[in-house]
file work09.txt (compact mmCIF, C-alpha atoms)
# COMPACT_ATOMS: atom_id res chain seq x y z
CA MET A 1 108.26 -22.81 21.91
CA ALA A 2 108.20 -22.41 25.67
CA LEU A 3 111.19 -24.67 25.92
CA LEU A 4 112.90 -22.64 23.25
CA GLY A 5 112.06 -19.45 25.15
CA GLU A 6 113.45 -20.90 28.35
CA ARG A 7 116.65 -21.84 26.57
CA THR A 8 116.84 -18.44 24.95
CA GLY A 9 116.29 -16.71 28.27
CA ARG A 10 118.93 -18.79 29.91
CA SER A 11 121.35 -18.00 27.13
CA ARG A 12 120.59 -14.31 27.54
CA ASN A 13 121.09 -14.42 31.28
CA ARG A 14 124.25 -16.45 30.98
CA PRO A 15 127.28 -14.28 31.70
CA LEU A 16 129.37 -13.41 28.71
CA PRO A 17 132.68 -15.29 28.48
CA SER A 18 135.62 -13.22 29.62
CA PRO A 19 137.91 -12.04 26.81
CA PRO A 20 141.10 -14.05 26.34
CA ALA A 21 143.97 -12.88 28.44
CA ALA A 22 146.46 -10.73 26.62
CA PRO A 23 149.70 -12.56 25.85
CA PRO A 24 152.46 -11.68 28.26
CA ARG A 25 154.70 -8.92 27.10
CA ARG A 26 158.13 -10.32 26.51
CA THR A 27 160.30 -7.25 26.57
CA PRO A 28 159.75 -6.31 30.25
CA ARG A 29 160.64 -9.88 31.27
CA LYS A 30 164.00 -9.42 29.60
CA LEU A 31 164.76 -5.98 31.02
CA PRO A 32 166.18 -7.08 34.41
CA GLY A 33 168.64 -9.50 32.82
CA LEU A 34 169.59 -7.03 30.09
CA ALA A 35 170.19 -4.36 32.71
CA LEU A 36 172.54 -6.70 34.56
CA ALA A 37 174.35 -7.50 31.31
CA ALA A 38 174.72 -3.77 30.60
CA ALA A 39 176.17 -3.24 34.07
CA GLY A 40 178.59 -6.10 33.46
CA VAL A 41 179.68 -4.53 30.17
CA ALA A 42 180.27 -1.19 31.92
CA VAL A 43 182.48 -2.85 34.54
CA ALA A 44 184.35 -4.84 31.86
CA TRP A 45 184.93 -1.63 29.87
CA ALA A 46 186.28 0.12 32.96
CA VAL A 47 188.63 -2.77 33.78
CA HIS A 48 189.93 -2.85 30.20
CA HIS A 49 190.67 0.87 30.22
CA LEU A 50 192.41 0.65 33.57
CA VAL A 51 194.42 -2.40 32.45
CA PRO A 52 194.57 -2.25 28.61
CA GLY A 53 196.31 -5.62 28.38
CA VAL A 54 193.16 -7.35 29.64
CA PRO A 55 190.58 -7.70 26.81
CA MET A 56 187.09 -6.45 27.60
CA LEU A 57 185.45 -9.61 26.25
CA THR A 58 187.50 -11.79 28.59
CA VAL A 59 186.50 -9.66 31.57
CA ALA A 60 182.84 -9.87 30.51
CA VAL A 61 182.88 -13.68 30.55
CA VAL A 62 184.57 -13.79 33.95
CA LEU A 63 182.06 -11.32 35.39
CA GLY A 64 179.15 -13.36 34.03
CA ILE A 65 180.51 -16.52 35.68
CA ALA A 66 181.07 -14.64 38.93
CA ALA A 67 177.55 -13.18 38.92
CA ALA A 68 176.06 -16.67 38.58
CA HIS A 69 177.97 -17.99 41.60
CA VAL A 70 177.67 -15.17 44.12
CA PRO A 71 175.57 -16.67 46.92
CA GLY A 72 172.30 -15.17 48.02
CA ALA A 73 170.09 -12.75 46.10
CA ALA A 74 172.49 -12.33 43.16
CA HIS A 75 172.50 -16.05 42.41
CA ALA A 76 168.72 -16.23 42.70
CA PHE A 77 168.35 -13.26 40.35
CA VAL A 78 170.64 -14.73 37.67
CA ARG A 79 168.88 -18.09 37.77
CA GLY A 80 165.42 -16.57 38.16
CA SER A 81 164.04 -13.21 37.03
CA GLY A 82 167.21 -12.21 35.20
CA LYS A 83 167.55 -15.43 33.19
CA ALA A 84 165.31 -14.40 30.27
CA GLY A 85 167.28 -11.23 29.57
CA LEU A 86 170.65 -12.92 30.01
CA THR A 87 169.63 -15.70 27.61
CA PHE A 88 168.46 -13.07 25.12
CA ALA A 89 171.84 -11.35 25.38
CA GLY A 90 173.73 -14.60 24.92
CA LYS A 91 171.80 -15.51 21.77
CA ARG A 92 170.27 -12.50 20.00
CA LEU A 93 172.90 -9.91 20.79
CA MET A 94 175.54 -12.44 19.83
CA ARG A 95 173.99 -12.66 16.34
CA VAL A 96 174.10 -8.90 15.84
CA GLY A 97 177.68 -8.80 17.08
CA VAL A 98 178.70 -11.52 14.62
CA VAL A 99 177.08 -9.56 11.77
CA LEU A 100 179.03 -6.42 12.65
CA LEU A 101 182.19 -8.51 12.96
CA GLY A 102 182.10 -8.73 9.16
CA LEU A 103 182.99 -5.04 8.93
CA LYS A 104 186.46 -5.86 10.27
CA LEU A 105 187.20 -8.02 7.24
CA SER A 106 188.11 -6.87 3.74
CA LEU A 107 188.79 -9.39 1.02
CA ASP A 108 191.50 -7.16 -0.41
CA ASP A 109 193.42 -7.24 2.89
CA VAL A 110 193.12 -11.01 3.12
CA LEU A 111 194.32 -11.64 -0.42
CA GLY A 112 197.15 -9.18 0.15
CA LEU A 113 198.74 -11.67 2.53
CA GLY A 114 199.25 -14.09 -0.36
CA TRP A 115 197.84 -17.46 -1.29
CA ALA A 116 200.43 -19.29 0.78
CA SER A 117 199.09 -17.66 3.95
CA VAL A 118 195.51 -18.41 2.88
CA GLY A 119 196.41 -22.06 2.42
CA MET A 120 198.18 -22.12 5.78
CA VAL A 121 195.11 -20.76 7.56
CA LEU A 122 192.82 -23.26 5.82
CA CYS A 123 195.08 -26.11 6.88
CA VAL A 124 195.31 -24.90 10.49
CA VAL A 125 191.55 -24.49 10.81
CA ALA A 126 190.74 -27.83 9.18
CA VAL A 127 193.21 -29.90 11.22
CA THR A 128 192.31 -28.18 14.51
CA PHE A 129 188.56 -28.46 13.97
CA LEU A 130 188.49 -32.07 12.80
CA GLY A 131 191.10 -33.22 15.33
CA THR A 132 189.41 -31.54 18.30
CA TRP A 133 185.95 -32.76 17.30
CA TRP A 134 187.17 -36.34 16.81
CA LEU A 135 189.09 -36.39 20.09
CA GLY A 136 186.16 -34.90 22.02
CA ARG A 137 183.87 -37.62 20.71
CA ARG A 138 186.41 -40.30 21.63
CA MET A 139 186.69 -38.87 25.15
CA GLY A 140 182.93 -39.14 25.60
CA LEU A 141 182.17 -35.47 26.21
CA ARG A 142 178.48 -34.72 26.54
CA GLY A 143 176.17 -33.24 23.93
CA ASP A 144 177.60 -30.75 21.47
CA GLN A 145 180.69 -29.97 23.54
CA PRO A 146 183.11 -31.57 21.03
CA LEU A 147 181.58 -29.57 18.16
CA LEU A 148 181.52 -26.28 20.06
CA ILE A 149 185.02 -26.59 21.51
CA ALA A 150 186.39 -27.50 18.08
CA THR A 151 184.66 -24.45 16.61
CA GLY A 152 185.93 -22.07 19.27
CA TYR A 153 189.56 -23.17 19.03
CA SER A 154 189.73 -23.32 15.25
CA ILE A 155 187.77 -20.19 14.22
CA CYS A 156 187.26 -17.27 16.58
CA GLY A 157 186.60 -18.30 20.13
CA ALA A 158 183.38 -17.43 21.91
CA SER A 159 181.86 -15.64 18.90
CA ALA A 160 182.11 -18.78 16.78
CA ILE A 161 180.75 -20.95 19.59
CA GLY A 162 177.73 -18.67 19.93
CA ALA A 163 177.09 -18.70 16.18
CA VAL A 164 177.34 -22.48 15.81
CA SER A 165 175.29 -23.16 18.94
CA GLU A 166 172.45 -21.16 17.40
CA VAL A 167 172.09 -23.37 14.34
CA SER A 168 172.88 -26.63 16.16
CA GLU A 169 170.38 -25.77 18.92
CA SER A 170 172.96 -26.79 21.51
CA ASP A 171 172.20 -27.08 25.20
CA GLU A 172 172.90 -23.83 27.01
CA ARG A 173 175.19 -25.58 29.50
CA ASP A 174 177.29 -27.07 26.69
CA THR A 175 177.63 -23.62 25.13
CA ALA A 176 178.57 -21.96 28.42
CA THR A 177 181.14 -24.65 29.26
CA SER A 178 182.76 -24.35 25.85
CA VAL A 179 182.91 -20.55 26.10
CA ALA A 180 184.48 -20.75 29.55
CA LEU A 181 187.15 -23.18 28.33
CA VAL A 182 188.13 -21.30 25.19
CA THR A 183 188.18 -18.02 27.11
CA LEU A 184 190.49 -19.50 29.74
CA CYS A 185 193.00 -20.79 27.17
CA GLY A 186 192.85 -17.58 25.16
CA THR A 187 193.57 -15.59 28.29
CA LEU A 188 196.53 -17.80 29.12
CA ALA A 189 197.85 -17.21 25.59
CA ILE A 190 198.17 -13.50 26.33
CA ALA A 191 200.76 -14.27 28.98
CA VAL A 192 202.41 -17.40 27.51
CA LEU A 193 202.94 -16.72 23.79
CA PRO A 194 205.06 -13.53 24.11
CA LEU A 195 207.48 -15.50 26.29
CA LEU A 196 207.97 -18.00 23.45
CA GLN A 197 208.73 -15.55 20.61
CA HIS A 198 212.52 -15.42 21.02
CA PRO A 199 213.06 -19.04 22.13
CA LEU A 200 211.22 -20.13 18.96
CA GLY A 201 213.30 -17.76 16.80
CA LEU A 202 210.33 -15.79 15.44
CA SER A 203 210.70 -12.32 13.99
CA ASP A 204 208.06 -9.73 14.93
CA ALA A 205 206.13 -10.31 11.71
CA GLU A 206 206.29 -14.10 12.12
CA PHE A 207 205.17 -13.79 15.73
CA GLY A 208 202.19 -11.68 14.67
CA ARG A 209 201.10 -14.25 12.10
CA TRP A 210 201.57 -17.07 14.60
CA VAL A 211 199.37 -15.26 17.12
CA GLY A 212 196.71 -14.56 14.50
CA ALA A 213 196.66 -18.21 13.44
CA SER A 214 196.57 -19.73 16.92
CA VAL A 215 194.82 -17.42 19.43
CA HIS A 216 191.05 -17.53 19.67
CA ASP A 217 189.16 -14.24 20.17
CA VAL A 218 190.07 -11.09 18.24
CA GLY A 219 190.57 -9.14 21.48
CA GLN A 220 192.96 -11.78 22.78
CA VAL A 221 194.88 -11.66 19.49
CA VAL A 222 195.30 -7.89 19.83
CA ALA A 223 196.39 -8.13 23.45
CA THR A 224 198.97 -10.84 22.62
CA ALA A 225 200.41 -9.46 19.38
CA GLN A 226 200.80 -5.85 20.51
CA THR A 227 203.74 -6.91 22.69
CA ALA A 228 205.82 -7.25 19.50
CA GLY A 229 204.92 -3.87 18.01
CA ALA A 230 202.56 -2.34 15.46
CA GLY A 231 203.81 -4.44 12.52
CA ALA A 232 203.21 -7.69 14.36
CA LEU A 233 199.78 -6.47 15.44
CA GLY A 234 198.75 -5.68 11.86
CA ASP A 235 199.78 -9.10 10.57
CA ALA A 236 198.12 -10.83 13.52
CA VAL A 237 194.78 -9.12 12.95
CA LEU A 238 194.79 -9.89 9.21
CA VAL A 239 195.57 -13.58 9.72
CA LYS A 240 192.97 -13.73 12.48
CA LEU A 241 190.32 -12.20 10.25
CA MET A 242 191.08 -14.83 7.62
CA ARG A 243 190.02 -17.39 10.23
CA VAL A 244 186.93 -15.30 11.01
CA ALA A 245 185.98 -15.45 7.32
CA LEU A 246 185.66 -19.24 7.64
CA LEU A 247 182.89 -18.82 10.22
CA ALA A 248 180.23 -18.40 7.53
CA PRO A 249 180.89 -21.65 5.63
CA LEU A 250 181.26 -23.57 8.90
CA VAL A 251 177.90 -22.33 10.24
CA ALA A 252 176.27 -23.09 6.89
CA ALA A 253 177.70 -26.63 6.98
CA VAL A 254 176.36 -27.18 10.50
CA ALA A 255 172.94 -25.87 9.45
CA LEU A 256 172.89 -28.29 6.51
CA SER A 257 173.84 -31.14 8.83
CA VAL A 258 171.04 -30.28 11.26
CA ARG A 259 168.58 -30.01 8.40
CA ALA A 260 169.61 -33.38 6.96
CA ARG A 261 169.43 -35.01 10.40
CA ARG A 262 165.90 -33.70 10.94
CA GLN A 263 164.79 -34.86 7.52
CA GLY A 264 166.22 -38.31 8.19
CA ARG A 265 164.47 -38.47 11.55
CA GLY A 266 161.23 -37.32 9.92
CA SER A 267 161.45 -40.03 7.26
CA ALA A 268 162.00 -42.69 9.91
CA GLU A 269 159.08 -41.43 11.99
CA GLY A 270 156.86 -41.26 8.92
CA ALA A 271 157.64 -44.87 8.04
CA ALA A 272 157.12 -46.14 11.58
CA GLY A 273 154.31 -43.77 12.65
CA ALA A 274 150.58 -44.45 12.47
CA ALA A 275 148.52 -43.52 9.40
CA GLY A 276 150.54 -40.46 8.44
CA ALA A 277 149.93 -38.58 11.70
CA ALA A 278 153.56 -38.64 12.65
CA GLY A 279 154.54 -37.72 9.11
CA ALA A 280 152.19 -34.74 9.16
CA GLY A 281 153.63 -33.54 12.47
CA THR A 282 157.16 -33.91 11.15
CA ALA A 283 156.35 -32.13 7.92
CA GLY A 284 155.14 -29.17 9.93
CA ALA A 285 158.27 -29.04 12.03
CA LYS A 286 160.40 -25.97 11.65
CA ARG A 287 163.45 -26.54 9.51
CA PRO A 288 166.65 -24.59 10.04
CA PRO A 289 167.52 -22.33 7.08
CA LEU A 290 170.22 -23.47 4.70
CA VAL A 291 172.20 -20.33 5.53
CA PRO A 292 171.21 -18.54 8.78
CA LEU A 293 170.20 -14.92 8.39
CA PHE A 294 172.98 -13.61 10.61
CA VAL A 295 175.56 -15.40 8.43
CA VAL A 296 174.08 -13.67 5.38
CA GLY A 297 174.42 -10.40 7.29
CA PHE A 298 178.05 -11.21 8.13
CA LEU A 299 178.87 -11.82 4.46
CA ALA A 300 177.02 -8.65 3.46
CA MET A 301 179.15 -6.63 5.90
CA VAL A 302 182.32 -8.18 4.47
CA ALA A 303 181.20 -7.19 0.97
CA LEU A 304 180.32 -3.69 2.15
CA ARG A 305 183.72 -3.23 3.77
CA THR A 306 185.45 -4.52 0.62
CA THR A 307 183.77 -1.82 -1.50
CA GLY A 308 185.55 0.91 0.45
CA TRP A 309 182.39 3.02 0.58
CA LEU A 310 182.27 3.26 4.37
CA PRO A 311 184.23 6.11 5.96
CA GLY A 312 186.71 5.26 8.67
CA GLY A 313 184.56 6.89 11.35
CA ALA A 314 181.60 4.64 10.55
CA ILE A 315 183.79 1.53 10.68
CA ASP A 316 185.23 2.58 14.03
CA ALA A 317 181.76 3.27 15.45
CA ALA A 318 180.47 -0.08 14.22
CA GLY A 319 183.50 -1.77 15.78
CA THR A 320 182.73 -0.18 19.14
CA VAL A 321 179.08 -1.26 18.97
CA GLN A 322 180.13 -4.76 17.94
CA GLU A 323 182.49 -5.11 20.88
CA LEU A 324 179.86 -3.87 23.34
CA LEU A 325 177.26 -6.30 21.95
CA LEU A 326 179.67 -9.22 22.12
CA ALA A 327 180.63 -8.25 25.67
CA ALA A 328 176.96 -8.31 26.69
CA ALA A 329 176.49 -11.64 24.92
CA LEU A 330 179.53 -13.16 26.61
CA PHE A 331 178.36 -11.90 29.99
CA GLY A 332 175.06 -13.68 29.34
CA LEU A 333 176.83 -16.87 28.29
CA GLY A 334 179.13 -16.68 31.31
CA SER A 335 176.12 -16.42 33.61
CA ALA A 336 174.94 -19.79 32.30
CA VAL A 337 178.12 -21.57 33.44
CA ASP A 338 177.44 -24.00 36.26
CA LEU A 339 180.77 -24.66 37.96
CA PRO A 340 179.56 -27.64 40.04
CA SER A 341 178.45 -29.49 36.90
CA LEU A 342 181.59 -28.34 35.09
CA THR A 343 183.78 -29.96 37.72
CA ARG A 344 182.12 -33.33 37.08
CA THR A 345 183.48 -33.38 33.51
CA GLY A 346 186.13 -30.73 34.05
CA GLY A 347 189.09 -33.09 33.74
CA ARG A 348 188.13 -34.35 30.30
CA VAL A 349 187.05 -30.89 29.10
CA ALA A 350 190.29 -29.31 30.31
CA ALA A 351 192.35 -32.09 28.73
CA LEU A 352 190.63 -31.59 25.38
CA GLY A 353 191.21 -27.84 25.60
CA LEU A 354 194.90 -28.20 26.35
CA VAL A 355 195.42 -30.73 23.56
CA SER A 356 193.54 -28.56 21.07
CA TRP A 357 195.51 -25.51 22.13
CA GLY A 358 198.76 -27.40 21.61
CA VAL A 359 197.62 -28.66 18.21
CA ILE A 360 196.67 -25.24 16.82
CA ALA A 361 199.79 -23.59 18.26
CA GLY A 362 202.09 -26.26 16.81
CA ILE A 363 200.49 -26.45 13.37
CA SER A 364 200.30 -22.69 12.99
CA TYR A 365 203.95 -22.32 14.04
CA VAL A 366 205.06 -24.78 11.37
CA GLY A 367 202.78 -23.10 8.83
CA VAL A 368 204.15 -19.62 9.53
CA VAL A 369 207.77 -20.79 9.30
CA LEU A 370 207.09 -22.54 5.97
CA THR A 371 205.05 -19.79 4.32
CA TYR A 372 206.64 -16.53 5.47
call {"tool": "encode", "arguments": {"input": "work09.txt", "output": "structure tokens"}}
result
Amino acid sequence: MALLGERTGRSRNRPLPSPPAAPPRRTPRKLPGLALAAAGVAVAWAVHHLVPGVPMLTVAVVLGIAAAHVPGAAHAFVRGSGKAGLTFAGKRLMRVGVVLLGLKLSLDDVLGLGWASVGMVLCVVAVTFLGTWWLGRRMGLRGDQPLLIATGYSICGASAIGAVSEVSESDERDTATSVALVTLCGTLAIAVLPLLQHPLGLSDAEFGRWVGASVHDVGQVVATAQTAGAGALGDAVLVKLMRVALLAPLVAAVALSVRARRQGRGSAEGAAGAAGAAGAGTAGAKRPPLVPLFVVGFLAMVALRTTGWLPGGAIDAAGTVQELLLAAALFGLGSAVDLPSLTRTGGRVAALGLVSWGVIAGISYVGVVLTY
């Protein structure tokens, strides 16, 4: 009993354990990077309004790359305390922007172009995607770069790269490199393609469809096609949005591939692992959804736009929000570009980009001439 009393007394005199530390709040960690992204968007918006021919999204990427390579405190901030917020912008805000992108697309407008144009777009996207992906693998590009570059050139530039990188869980450097490349070529298209309209014998309407089928980001399509007038711009945007519509099935296919690859890896580990421990760990692993939530949101926005219930003012406001969100996301992705590492594989990456650009421009030109 005495021993019990001594133990009891000791337990009473023993200091109480300190309560567990509260988990760190995540939002404040992101605020510095998000504030920098917002400042980048403001500058990109101002540049676009001063020089309307320069798309805001292109400026946002360039500013993000520049911010990451300014020596001194700015570089340390981007790579340090600002990284969490910039990564959040490049991933989460990109998802919301892709969802709102669906409001630009109406199935009635797409079908109004005719089944021949739909078939042409399907052919252009399929050949460009498969050809670029195959060539990138043959050239030995690292990681998911062949997949991401193929996606950006064939669908809708940086937005498509961001969406696919989410479900494929691609390395941030691969994503940033692919965005930088597709943005560079899309920017060059703004200056190069209008010079080729008359030498190639294209009418304004044909030129608009060619631009919509071959240029990457929506903003770059608008900047390129507007040089041939309002009619060319309308056709360009419609053809471009047909390519955007293929983003959802492509992302779903990538998600299915990732899911199947994980299941195959889990089966192999379960067979080779010890006494089911590995199998249990694999079974508990998080599986990617068959269709990512933001893709469901994108399709829902397309359906909503097709109903015609939304007033024009709401669609315009959503378009403005979407462009601002994508600009912030592209600024975040641009800040992840590491030019020194890019130069080590820059020759092969640039070669793949130029070949892919030539492929999609050539195939879409033939397609437009045959179907219009």
call {"tool": "closest_residue", "arguments": {"input": "work09.txt", "among": "A:Ile155, A:Leu63, A:Leu339, A:Ile161", "to": "A:Leu122", "atoms": "all atoms listed in the file"}}
result
A:Ile155
call {"tool": "residues_around", "arguments": {"input": "work09.txt", "residues": "stretch 238-249 of chain A", "least_positions_apart": "2", "cutoff": "6 Å", "atoms": "all atoms listed in the file", "output": "list of chain:residue names"}}
result
A:Ile155, A:Cys156, A:Gly212, A:Ala213, A:Asp235, A:Ala236, A:Val251, A:Ala252, A:Val295
call {"tool": "atom_distance", "arguments": {"input": "work09.txt", "atom1": "atom CA of A:Trp357", "atom2": "atom CA of A:Tyr153"}}
result
7.1 Å
call {"tool": "residues_around", "arguments": {"input": "work09.txt", "residues": "A:Met301", "least_positions_apart": "6", "cutoff": "7 Å", "atoms": "all atoms listed in the file", "output": "CSV table (one decimal) with C-alpha atoms, in the coordinates of the input"}}
result
chain,number,residue,atom,x,y,z
A,99,VAL,CA,177.1,-9.6,11.8
A,100,LEU,CA,179.0,-6.4,12.6
A,102,GLY,CA,182.1,-8.7,9.2
A,103,LEU,CA,183.0,-5.0,8.9
call {"tool": "atom_distance", "arguments": {"input": "work09.txt", "atom1": "atom CA of A:Asp108", "atom2": "atom CA of A:Ala303"}}
result
10.4 Å
call {"tool": "closest_residue", "arguments": {"input": "work09.txt", "among": "A:Ser81, A:Ser168, A:Thr177, A:Ser257", "to": "A:Leu141", "atoms": "only C-alpha atoms"}}
result
A:Thr177
call {"tool": "closest_residue", "arguments": {"input": "work09.txt", "among": "A:Val258, A:Leu326, A:Ala361, A:Leu352", "to": "A:Glu169", "atoms": "all atoms listed in the file"}}
result
A:Val258
call {"tool": "atom_distance", "arguments": {"input": "work09.txt", "atom1": "atom CA of A:Ala35", "atom2": "atom CA of A:His48"}}
result
20.0 Å
